[in-house]
$ cat upload.cif   # mmCIF, C-alpha atoms and all ligand atoms
data_structure
loop_
_atom_site.label_atom_id
_atom_site.label_comp_id
_atom_site.auth_asym_id
_atom_site.auth_seq_id
_atom_site.Cartn_x
_atom_site.Cartn_y
_atom_site.Cartn_z
CA MET T 177 0.00 0.00 0.00
CA VAL T 178 1.54 3.29 -1.08
CA LYS T 179 1.44 6.27 1.20
CA LEU T 180 -1.00 8.99 0.13
CA LEU T 181 0.57 12.25 -0.95
CA LEU T 182 -2.47 14.23 -2.05
CA GLU T 183 -6.03 13.72 -0.80
CA ILE T 184 -8.84 15.70 -2.37
CA THR T 185 -12.20 15.08 -0.75
CA ASP T 186 -15.66 16.29 -1.79
CA LEU T 187 -14.32 19.31 -3.60
CA ALA T 188 -16.66 21.91 -5.08
CA VAL T 189 -15.33 25.05 -6.77
CA GLU T 190 -16.88 28.27 -8.01
CA VAL T 191 -15.44 30.73 -10.51
CA ASN T 192 -17.18 34.12 -10.80
CA ASN T 193 -20.11 32.77 -8.75
CA LYS T 194 -20.62 29.82 -11.11
CA GLU T 195 -20.08 26.28 -9.85
CA ILE T 196 -17.54 24.58 -12.14
CA LEU T 197 -16.47 21.54 -10.09
CA SER T 198 -18.42 19.40 -7.65
CA ASP T 199 -18.12 16.08 -5.81
CA VAL T 200 -14.47 15.71 -6.83
CA ASP T 201 -12.59 13.04 -4.87
CA LEU T 202 -9.01 12.24 -5.89
CA TYR T 203 -6.31 10.38 -3.98
CA ILE T 204 -2.76 10.27 -5.30
CA GLY T 205 -0.16 8.03 -3.67
CA LYS T 206 3.56 8.69 -3.34
CA GLY T 207 5.34 7.89 -6.61
CA GLU T 208 2.11 7.50 -8.57
CA THR T 209 1.17 9.25 -11.79
CA HIS T 210 -2.50 9.89 -12.36
CA VAL T 211 -3.98 11.14 -15.57
CA LEU T 212 -7.00 13.40 -15.87
CA LEU T 213 -8.88 13.11 -19.15
CA GLY T 214 -11.93 15.00 -20.31
CA PRO T 215 -13.43 17.05 -23.12
CA ASN T 216 -12.81 20.78 -23.51
CA GLY T 217 -14.62 22.80 -20.87
CA ALA T 218 -14.95 19.85 -18.46
CA GLY T 219 -13.08 21.74 -15.73
CA LYS T 220 -9.60 20.21 -15.95
CA SER T 221 -7.73 23.53 -15.85
CA THR T 222 -10.08 24.72 -13.10
CA LEU T 223 -8.96 21.77 -10.95
CA PHE T 224 -5.31 22.56 -11.78
CA MET T 225 -5.65 26.23 -10.74
CA THR T 226 -7.62 25.28 -7.62
CA LEU T 227 -4.93 22.83 -6.49
CA LEU T 228 -2.36 25.54 -7.06
CA GLY T 229 -4.40 27.85 -4.82
CA PHE T 230 -5.25 30.69 -7.19
CA PRO T 231 -7.65 33.01 -5.30
CA LYS T 232 -10.12 33.31 -8.19
CA TYR T 233 -11.04 29.64 -7.68
CA LYS T 234 -13.30 29.57 -4.61
CA LEU T 235 -13.76 26.35 -2.68
CA THR T 236 -17.35 26.05 -1.56
CA ARG T 237 -16.93 22.51 -0.15
CA GLY T 238 -14.28 19.96 0.53
CA GLU T 239 -10.67 19.84 1.60
CA ILE T 240 -7.22 19.29 0.17
CA ILE T 241 -4.62 17.43 2.21
CA PHE T 242 -0.97 17.35 1.06
CA LYS T 243 1.68 15.33 2.91
CA GLY T 244 -0.84 14.90 5.72
CA GLU T 245 -1.35 18.65 6.14
CA ASP T 246 -4.53 20.57 5.36
CA ILE T 247 -3.56 23.02 2.62
CA THR T 248 -7.12 24.07 1.73
CA ASN T 249 -6.51 27.66 2.87
CA MET T 250 -2.83 27.92 2.03
CA SER T 251 -1.47 30.41 -0.49
CA THR T 252 0.14 29.37 -3.77
CA THR T 253 3.58 30.31 -2.41
CA GLU T 254 3.14 28.09 0.63
CA ARG T 255 1.99 25.19 -1.55
CA VAL T 256 5.03 25.56 -3.81
CA LYS T 257 7.30 25.65 -0.74
CA MET T 258 5.68 22.40 0.42
CA GLY T 259 6.60 20.70 -2.84
CA PHE T 260 4.06 21.58 -5.53
CA GLY T 261 5.43 22.01 -9.05
CA VAL T 262 3.53 22.92 -12.20
CA SER T 263 3.85 22.99 -15.93
CA PHE T 264 1.35 25.51 -17.34
CA GLN T 265 -0.48 25.02 -20.59
CA ASN T 266 0.58 28.45 -21.83
CA PRO T 267 3.41 29.82 -19.68
CA PRO T 268 4.24 33.49 -20.30
CA ALA T 269 7.41 34.77 -21.97
CA ILE T 270 9.56 36.84 -19.58
CA ARG T 271 11.49 39.50 -21.43
CA GLY T 272 14.79 40.43 -19.77
CA VAL T 273 15.05 37.26 -17.65
CA LYS T 274 17.46 34.64 -18.92
CA LEU T 275 16.41 31.02 -18.63
CA GLY T 276 19.80 30.25 -16.99
CA ASP T 277 19.19 32.85 -14.24
CA LEU T 278 15.67 31.57 -13.58
CA LEU T 279 17.02 28.02 -13.37
CA LYS T 280 19.63 29.08 -10.81
CA LEU T 281 16.90 30.62 -8.61
CA GLU T 282 14.72 27.54 -8.97
CA HIS T 283 17.67 25.36 -8.03
CA GLY T 284 18.25 27.47 -4.92
CA GLU T 285 21.41 29.15 -6.22
CA ARG T 286 22.05 32.85 -5.80
CA GLU T 287 21.44 34.73 -9.00
CA GLU T 288 24.62 36.78 -8.59
CA SER T 289 26.82 33.71 -8.57
CA GLN T 290 28.15 33.86 -12.10
CA GLU T 291 28.65 30.21 -12.85
CA ILE T 292 25.92 27.65 -13.16
CA SER T 293 26.68 24.86 -10.68
CA PRO T 294 27.92 21.51 -12.07
CA GLU T 295 24.79 19.87 -10.65
CA LEU T 296 22.52 22.19 -12.60
CA MET T 297 24.63 21.78 -15.71
CA GLU T 298 24.16 18.04 -15.40
CA ILE T 299 20.39 18.53 -15.47
CA VAL T 300 20.67 20.74 -18.57
CA ARG T 301 22.76 18.08 -20.31
CA LYS T 302 20.43 15.30 -19.20
CA LEU T 303 17.66 16.96 -21.18
CA LYS T 304 20.10 17.56 -24.06
CA PHE T 305 19.57 21.32 -24.04
CA ASP T 306 22.13 23.40 -25.89
CA GLU T 307 24.01 25.64 -23.40
CA ASN T 308 23.27 28.70 -25.57
CA PHE T 309 19.64 28.17 -24.72
CA LEU T 310 20.31 29.30 -21.15
CA GLU T 311 21.27 32.76 -22.45
CA ARG T 312 17.86 33.30 -24.03
CA ASP T 313 14.97 35.15 -22.39
CA VAL T 314 12.48 32.74 -20.82
CA ASN T 315 10.06 31.46 -23.48
CA LEU T 316 10.66 34.47 -25.75
CA GLY T 317 10.54 33.20 -29.32
CA PHE T 318 10.68 29.58 -28.15
CA SER T 319 8.81 27.05 -30.28
CA GLY T 320 5.79 25.30 -28.72
CA GLY T 321 7.93 22.24 -27.96
CA GLU T 322 10.78 24.33 -26.51
CA VAL T 323 8.38 26.13 -24.16
CA LYS T 324 7.16 22.80 -22.78
CA ARG T 325 10.70 21.39 -22.53
CA SER T 326 11.87 24.51 -20.68
CA GLU T 327 9.05 23.94 -18.16
CA ILE T 328 10.33 20.39 -17.59
CA LEU T 329 13.90 21.67 -17.24
CA GLN T 330 12.77 24.20 -14.62
CA LEU T 331 10.89 21.48 -12.73
CA LEU T 332 14.00 19.29 -12.66
CA ALA T 333 15.92 22.22 -11.15
CA GLN T 334 13.16 22.92 -8.62
CA GLU T 335 12.73 19.30 -7.52
CA PRO T 336 9.12 19.34 -6.34
CA ASP T 337 7.43 16.21 -4.93
CA PHE T 338 4.15 16.62 -6.78
CA ILE T 339 3.94 17.88 -10.33
CA MET T 340 0.85 18.88 -12.30
CA PHE T 341 1.00 19.20 -16.06
CA ASP T 342 -1.80 21.00 -17.87
CA GLU T 343 -1.98 19.58 -21.40
CA PRO T 344 1.80 19.23 -21.87
CA ASP T 345 1.23 17.86 -25.37
CA SER T 346 -0.90 20.77 -26.63
CA GLY T 347 0.84 22.91 -29.22
CA VAL T 348 3.67 20.38 -29.60
CA ASP T 349 4.42 18.70 -32.97
CA ILE T 350 3.55 15.05 -32.98
CA GLU T 351 7.20 14.05 -33.51
CA ASN T 352 8.22 16.08 -30.45
CA VAL T 353 5.61 14.58 -28.13
CA GLU T 354 7.77 11.46 -27.69
CA LEU T 355 10.81 13.54 -26.72
CA LEU T 356 8.72 15.56 -24.27
CA ALA T 357 7.31 12.33 -22.83
CA GLU T 358 10.83 10.96 -22.29
CA GLU T 359 11.66 14.09 -20.31
CA ILE T 360 8.49 13.77 -18.23
CA ASN T 361 9.54 10.17 -17.51
CA ILE T 362 12.93 11.40 -16.26
CA LEU T 363 11.21 14.04 -14.12
CA LEU T 364 8.79 11.54 -12.56
CA ASP T 365 11.51 8.93 -11.79
CA LYS T 366 9.83 6.44 -14.14
CA ASP T 367 13.05 4.42 -14.38
CA LYS T 368 12.51 3.44 -10.73
CA LYS T 369 9.95 1.07 -9.24
CA LEU T 370 6.80 2.69 -7.80
CA GLY T 371 7.91 2.33 -4.17
CA ARG T 372 11.24 4.02 -4.91
CA ARG T 373 9.94 6.98 -6.86
CA LYS T 374 10.20 10.32 -5.11
CA LYS T 375 7.80 12.24 -7.33
CA SER T 376 4.11 11.96 -8.06
CA GLY T 377 2.26 13.53 -10.94
CA LEU T 378 -1.11 14.59 -12.25
CA LEU T 379 -1.10 14.74 -16.01
CA ILE T 380 -3.99 16.57 -17.63
CA THR T 381 -4.62 15.69 -21.23
CA HIS T 382 -7.49 16.13 -23.61
CA LEU T 383 -6.59 13.50 -26.20
CA GLY T 384 -4.27 11.18 -24.33
CA TYR T 385 -1.77 10.75 -27.19
CA ILE T 386 1.13 11.42 -24.79
CA LEU T 387 0.04 8.35 -22.78
CA ASN T 388 1.53 6.17 -25.51
CA PHE T 389 4.87 7.21 -24.03
CA VAL T 390 4.24 8.16 -20.36
CA GLY T 391 2.96 5.39 -18.11
CA ALA T 392 0.13 6.28 -15.73
CA ASP T 393 -1.09 4.27 -12.73
CA THR T 394 -4.68 5.51 -12.69
CA ALA T 395 -6.88 7.51 -15.04
CA HIS T 396 -9.85 9.73 -14.19
CA VAL T 397 -12.38 11.17 -16.61
CA LEU T 398 -13.75 14.59 -15.76
CA MET T 399 -17.11 15.38 -17.36
CA ASP T 400 -19.05 18.53 -16.66
CA GLY T 401 -17.11 19.25 -13.46
CA ARG T 402 -17.45 15.76 -11.95
CA ILE T 403 -15.27 12.67 -12.01
CA ALA T 404 -17.28 10.34 -14.28
CA CYS T 405 -15.03 7.35 -13.78
CA SER T 406 -11.62 6.27 -12.48
CA GLY T 407 -9.65 3.17 -13.26
CA ASN T 408 -7.10 1.43 -15.44
CA PRO T 409 -5.65 4.00 -17.90
CA SER T 410 -5.35 1.65 -20.89
CA GLU T 411 -8.91 0.35 -20.53
CA ILE T 412 -10.37 3.83 -20.15
CA LEU T 413 -8.32 5.17 -23.08
CA GLU T 414 -9.36 2.30 -25.30
CA ASP T 415 -13.02 3.06 -24.59
CA ILE T 416 -12.53 6.77 -25.26
CA ARG T 417 -10.69 6.06 -28.51
CA LYS T 418 -13.52 3.82 -29.67
CA GLU T 419 -16.51 5.84 -28.56
CA GLY T 420 -15.24 9.30 -27.65
CA PHE T 421 -16.28 10.93 -24.38
CA LYS T 422 -19.95 10.25 -25.14
CA GLY T 423 -19.35 6.68 -23.93
CA CYS T 424 -18.36 8.18 -20.56
CA ILE T 425 -21.70 9.99 -20.33
CA GLU T 426 -23.56 6.73 -20.92
CA CYS T 427 -21.31 4.88 -18.49
CA CYS T 428 -22.09 7.61 -15.90
CA ARG T 429 -25.83 7.14 -16.35
CA MET T 430 -25.52 3.42 -15.72
CA HIS T 431 -23.94 4.02 -12.30
N1 LIG R 501 -12.64 32.86 -15.58
C1 LIG R 501 -13.75 32.17 -15.81
N2 LIG R 501 -14.96 32.71 -15.61
C2 LIG R 501 -16.08 32.00 -15.84
N3 LIG R 501 -16.10 30.75 -16.26
C3 LIG R 501 -14.92 30.15 -16.48
C4 LIG R 501 -13.68 30.80 -16.27
N4 LIG R 501 -12.67 29.95 -16.55
C5 LIG R 501 -13.27 28.81 -16.95
N5 LIG R 501 -14.61 28.93 -16.91
C6 LIG R 501 -15.60 27.90 -17.27
O1 LIG R 501 -15.33 26.76 -16.53
C7 LIG R 501 -15.57 25.58 -17.31
C8 LIG R 501 -14.35 24.71 -17.27
O2 LIG R 501 -13.26 25.33 -17.92
P1 LIG R 501 -11.80 24.72 -17.87
O3 LIG R 501 -11.45 24.38 -16.49
O4 LIG R 501 -10.89 25.67 -18.60
O5 LIG R 501 -11.98 23.38 -18.73
P2 LIG R 501 -10.91 22.43 -19.43
O6 LIG R 501 -9.55 22.78 -18.93
O7 LIG R 501 -11.34 21.04 -19.07
O8 LIG R 501 -11.06 22.65 -20.91
C9 LIG R 501 -15.96 26.08 -18.69
O9 LIG R 501 -17.34 26.02 -18.78
C10 LIG R 501 -15.46 27.50 -18.73
O10 LIG R 501 -16.25 28.28 -19.58
MG MG R 502 -7.80 23.35 -19.93
#
$ encode --input "upload.cif" --output "structure tokens" --more "lines below"
Ligand SMILES: Nc1ncnc2c1ncn2[C@@H]1O[C@H](COP(=O)(O)OP(=O)(O)O)[C@@H](O)[C@H]1O
Ligand SMILES: [Mg+2]
Amino acid sequence: MVKLLLEITDLAVEVNNKEILSDVDLYIGKGETHVLLGPNGAGKSTLFMTLLGFPKYKLTRGEIIFKGEDITNMSTTERVKMGFGVSFQNPPAIRGVKLGDLLKLEHGEREESQEISPELMEIVRKLKFDENFLERDVNLGFSGGEVKRSEILQLLAQEPDFIMFDEPDSGVDIENVELLAEEINILLDKDKKLGRRKKSGLLITHLGYILNFVGADTAHVLMDGRIACSGNPSEILEDIRKEGFKGCIECCRMH
């Protein structure tokens, strides 16, 4: 039995006085990767932002426990300090901030220290990034794939325990999805057995193509703000590929 890292119980969330999520229960164990599937507008990004603690997303019910501590009322900064890491769907470009300097901060190195530490350099090489890349402004003029890969690089430097990815495969060429997936596997310690992995993940995806390359332990389907079903990722994906999400609606009605 794996130890639980994140426990979401009976969550309901409002945005601009409109209820977007309700009855959401989700339990993620240490070292596990869960995947959240669902059609556009189902509320996937809303759940992402809520877990991150953005004030616009108002909890009207439920609680969120992380590492055994109630974080329901904690700020985003406190959650990140406790070990939350995120890869945004559309991270902003930051003019005037070099990726190398941001990486140093994320790795806990002082910005003024001129040299990038050997440890950090090892991470950069692990992801096969060109060193010149570190001199560029964060995300400015990066291709879709480079933006996503720079998010993964930053997460490797930051070393969080729980990482959420909002549609990491969106805007990435099909041939680059495999490369991105390999990097996500490195980040989530996929080369180690479940009990030895340090990091857990929640991977949000609309189409699930990336799951051909990233293994998930459990899948959940979010439909209209509720978890319609949870279970074996390959079985659920096979059903969705055959029947689309409409099969999930019918499956919901049967329960
Ligand atoms: N800022 C907002 N104000 C009002 N409604 C919003 C806002 N953001 C999202 N929504 C609504 O919440 C629902 C879920 O959106 P979202 O979480 O982005 O879905 P997904 O990520 O699954 O595509 C949609 O109906 C959307 O219109
Ligand atoms: Mg979304």
$ residues_around --input "upload.cif" --residues "Gly238 of chain T" --least-positions-apart "6" --cutoff "6 Å" --atoms "only C-alpha atoms" --output "list in words"
Thr185, Asp186 and Leu187 of chain T
$ write_last_selection --input "upload.cif" --atoms "C-alpha atoms" --output "JSON list (two decimals), keeping the file's coordinate frame"
[["chain", "number", "residue", "atom", "x", "y", "z"],
["T", 185, "THR", "CA", -12.20, 15.08, -0.75],
["T", 186, "ASP", "CA", -15.66, 16.29, -1.79],
["T", 187, "LEU", "CA", -14.32, 19.31, -3.60]]
$ residues_around --input "upload.cif" --residues "Asn192 of chain T" --least-positions-apart "5" --cutoff "9 Å" --atoms "all atoms listed in the file" --output "PyMOL selection string"
chain T and resi 232-234
$ closest_residue --input "upload.cif" --among "T:Leu197, T:Ala395, T:Val314, T:Met258" --to "ligand LIG 501 (chain R)" --atoms "all atoms listed in the file"
T:Leu197
$ atom_distance --input "upload.cif" --atom1 "atom CA of Glu298 of chain T" --atom2 "atom CA of Arg255 of chain T"
27.1 Å
$ atom_distance --input "upload.cif" --atom1 "atom CA of Leu378 of chain T" --atom2 "atom CA of Glu419 of chain T"
24.1 Å
$ residues_around --input "upload.cif" --residues "Asp277 of chain T" --least-positions-apart "2" --cutoff "12 Å" --atoms "all atoms listed in the file" --output "short mmCIF file (atom, residue, chain, number, x, y, z; two decimals) with C-alpha atoms, in the frame of the given file"
data_model
loop_
_atom_site.label_atom_id
_atom_site.label_comp_id
_atom_site.auth_asym_id
_atom_site.auth_seq_id
_atom_site.Cartn_x
_atom_site.Cartn_y
_atom_site.Cartn_z
CA ILE T 270 9.56 36.84 -19.58
CA GLY T 272 14.79 40.43 -19.77
CA VAL T 273 15.05 37.26 -17.65
CA LYS T 274 17.46 34.64 -18.92
CA LEU T 275 16.41 31.02 -18.63
CA LEU T 279 17.02 28.02 -13.37
CA LYS T 280 19.63 29.08 -10.81
CA LEU T 281 16.90 30.62 -8.61
CA GLU T 282 14.72 27.54 -8.97
CA HIS T 283 17.67 25.36 -8.03
CA GLY T 284 18.25 27.47 -4.92
CA GLU T 285 21.41 29.15 -6.22
CA ARG T 286 22.05 32.85 -5.80
CA GLU T 287 21.44 34.73 -9.00
CA GLU T 288 24.62 36.78 -8.59
CA SER T 289 26.82 33.71 -8.57
CA GLN T 290 28.15 33.86 -12.10
CA GLU T 291 28.65 30.21 -12.85
CA ILE T 292 25.92 27.65 -13.16
CA SER T 293 26.68 24.86 -10.68
CA LEU T 296 22.52 22.19 -12.60
CA PHE T 309 19.64 28.17 -24.72
CA LEU T 310 20.31 29.30 -21.15
CA GLU T 311 21.27 32.76 -22.45
CA ARG T 312 17.86 33.30 -24.03
CA ASP T 313 14.97 35.15 -22.39
CA VAL T 314 12.48 32.74 -20.82
CA GLN T 330 12.77 24.20 -14.62
CA ALA T 333 15.92 22.22 -11.15
#
$ closest_residue --input "upload.cif" --among "T:Phe341, T:Phe242, T:Phe318, T:Tyr203" --to "ligand LIG 501 (chain R)" --atoms "only C-alpha atoms and all ligand atoms"
T:Phe341
$ residues_near_ligand --input "upload.cif" --ligand "ligand LIG 501 (chain R)" --cutoff "8 Å" --atoms "only C-alpha atoms and all ligand atoms" --output "ChimeraX atom specification"
/T:191-192,194,196,214-224,232,382,398,400-401
$ closest_residue --input "upload.cif" --among "T:Glu426, T:Asp345, T:Asp201, T:Glu411" --to "ligand MG 502 (chain R)" --atoms "all atoms listed in the file"
T:Asp345
$ residues_around --input "upload.cif" --residues "Ile328 of chain T" --least-positions-apart "2" --cutoff "8 Å" --atoms "all atoms listed in the file" --output "PyMOL selection string"
chain T and resi 263+324-326+330-332+359-360+363
$ atom_distance --input "upload.cif" --atom1 "atom CA of Phe260 of chain T" --atom2 "atom CA of Val189 of chain T"
19.7 Å
$ closest_residue --input "upload.cif" --among "T:Ile380, T:Ile241, T:Leu227, T:Val353" --to "ligand MG 502 (chain R)" --atoms "only C-alpha atoms and all ligand atoms"
T:Ile380
$ residues_around --input "upload.cif" --residues "Pro268 of chain T" --least-positions-apart "6" --cutoff "10 Å" --atoms "all atoms listed in the file" --output "list of chain:residue names"
T:Val314, T:Asn315, T:Leu316, T:Val323
$ axis_aligned_box --input "upload.cif" --around "segment 295-310 of chain T" --padding-each-side "5 Å" --output "JSON"
{"center_x": 21.2, "center_y": 22.3, "center_z": -18.3, "size_x": 17.1, "size_y": 24.0, "size_z": 25.2}
$ build_atoms --input "upload.cif" --residues "segment 400-413 of chain T" --atoms "N, CA and C atoms" --output "PDB file, in the coordinates of the input"
ATOM      1  N   ASP T 400     -18.152  17.546 -17.220  1.00  0.00           N
ATOM      2  CA  ASP T 400     -19.050  18.530 -16.660  1.00  0.00           C
ATOM      3  C   ASP T 400     -18.775  18.778 -15.161  1.00  0.00           C
ATOM      4  N   GLY T 401     -17.496  18.897 -14.823  1.00  0.00           N
ATOM      5  CA  GLY T 401     -17.110  19.250 -13.460  1.00  0.00           C
ATOM      6  C   GLY T 401     -17.149  18.135 -12.434  1.00  0.00           C
ATOM      7  N   ARG T 402     -17.430  16.910 -12.873  1.00  0.00           N
ATOM      8  CA  ARG T 402     -17.450  15.760 -11.950  1.00  0.00           C
ATOM      9  C   ARG T 402     -16.584  14.647 -12.489  1.00  0.00           C
ATOM     10  N   ILE T 403     -16.045  13.826 -11.566  1.00  0.00           N
ATOM     11  CA  ILE T 403     -15.270  12.670 -12.010  1.00  0.00           C
ATOM     12  C   ILE T 403     -16.285  11.594 -12.449  1.00  0.00           C
ATOM     13  N   ALA T 404     -16.301  11.309 -13.761  1.00  0.00           N
ATOM     14  CA  ALA T 404     -17.280  10.340 -14.280  1.00  0.00           C
ATOM     15  C   ALA T 404     -16.818   8.920 -14.015  1.00  0.00           C
ATOM     16  N   CYS T 405     -15.533   8.668 -14.141  1.00  0.00           N
ATOM     17  CA  CYS T 405     -15.030   7.350 -13.780  1.00  0.00           C
ATOM     18  C   CYS T 405     -13.539   7.394 -13.524  1.00  0.00           C
ATOM     19  N   SER T 406     -13.047   6.398 -12.790  1.00  0.00           N
ATOM     20  CA  SER T 406     -11.620   6.270 -12.480  1.00  0.00           C
ATOM     21  C   SER T 406     -11.258   4.811 -12.682  1.00  0.00           C
ATOM     22  N   GLY T 407     -10.049   4.565 -13.106  1.00  0.00           N
ATOM     23  CA  GLY T 407      -9.650   3.170 -13.260  1.00  0.00           C
ATOM     24  C   GLY T 407      -8.393   2.989 -14.073  1.00  0.00           C
ATOM     25  N   ASN T 408      -8.278   1.804 -14.672  1.00  0.00           N
ATOM     26  CA  ASN T 408      -7.100   1.430 -15.440  1.00  0.00           C
ATOM     27  C   ASN T 408      -6.950   2.331 -16.683  1.00  0.00           C
ATOM     28  N   PRO T 409      -5.801   3.041 -16.803  1.00  0.00           N
ATOM     29  CA  PRO T 409      -5.650   4.000 -17.900  1.00  0.00           C
ATOM     30  C   PRO T 409      -5.812   3.369 -19.277  1.00  0.00           C
ATOM     31  N   SER T 410      -5.246   2.184 -19.524  1.00  0.00           N
ATOM     32  CA  SER T 410      -5.350   1.650 -20.890  1.00  0.00           C
ATOM     33  C   SER T 410      -6.773   1.247 -21.235  1.00  0.00           C
ATOM     34  N   GLU T 411      -7.507   0.708 -20.254  1.00  0.00           N
ATOM     35  CA  GLU T 411      -8.910   0.350 -20.530  1.00  0.00           C
ATOM     36  C   GLU T 411      -9.755   1.586 -20.811  1.00  0.00           C
ATOM     37  N   ILE T 412      -9.574   2.600 -19.982  1.00  0.00           N
ATOM     38  CA  ILE T 412     -10.370   3.830 -20.150  1.00  0.00           C
ATOM     39  C   ILE T 412     -10.038   4.497 -21.485  1.00  0.00           C
ATOM     40  N   LEU T 413      -8.734   4.545 -21.810  1.00  0.00           N
ATOM     41  CA  LEU T 413      -8.320   5.170 -23.080  1.00  0.00           C
ATOM     42  C   LEU T 413      -8.876   4.422 -24.275  1.00  0.00           C
TER      43      LEU T 413
END
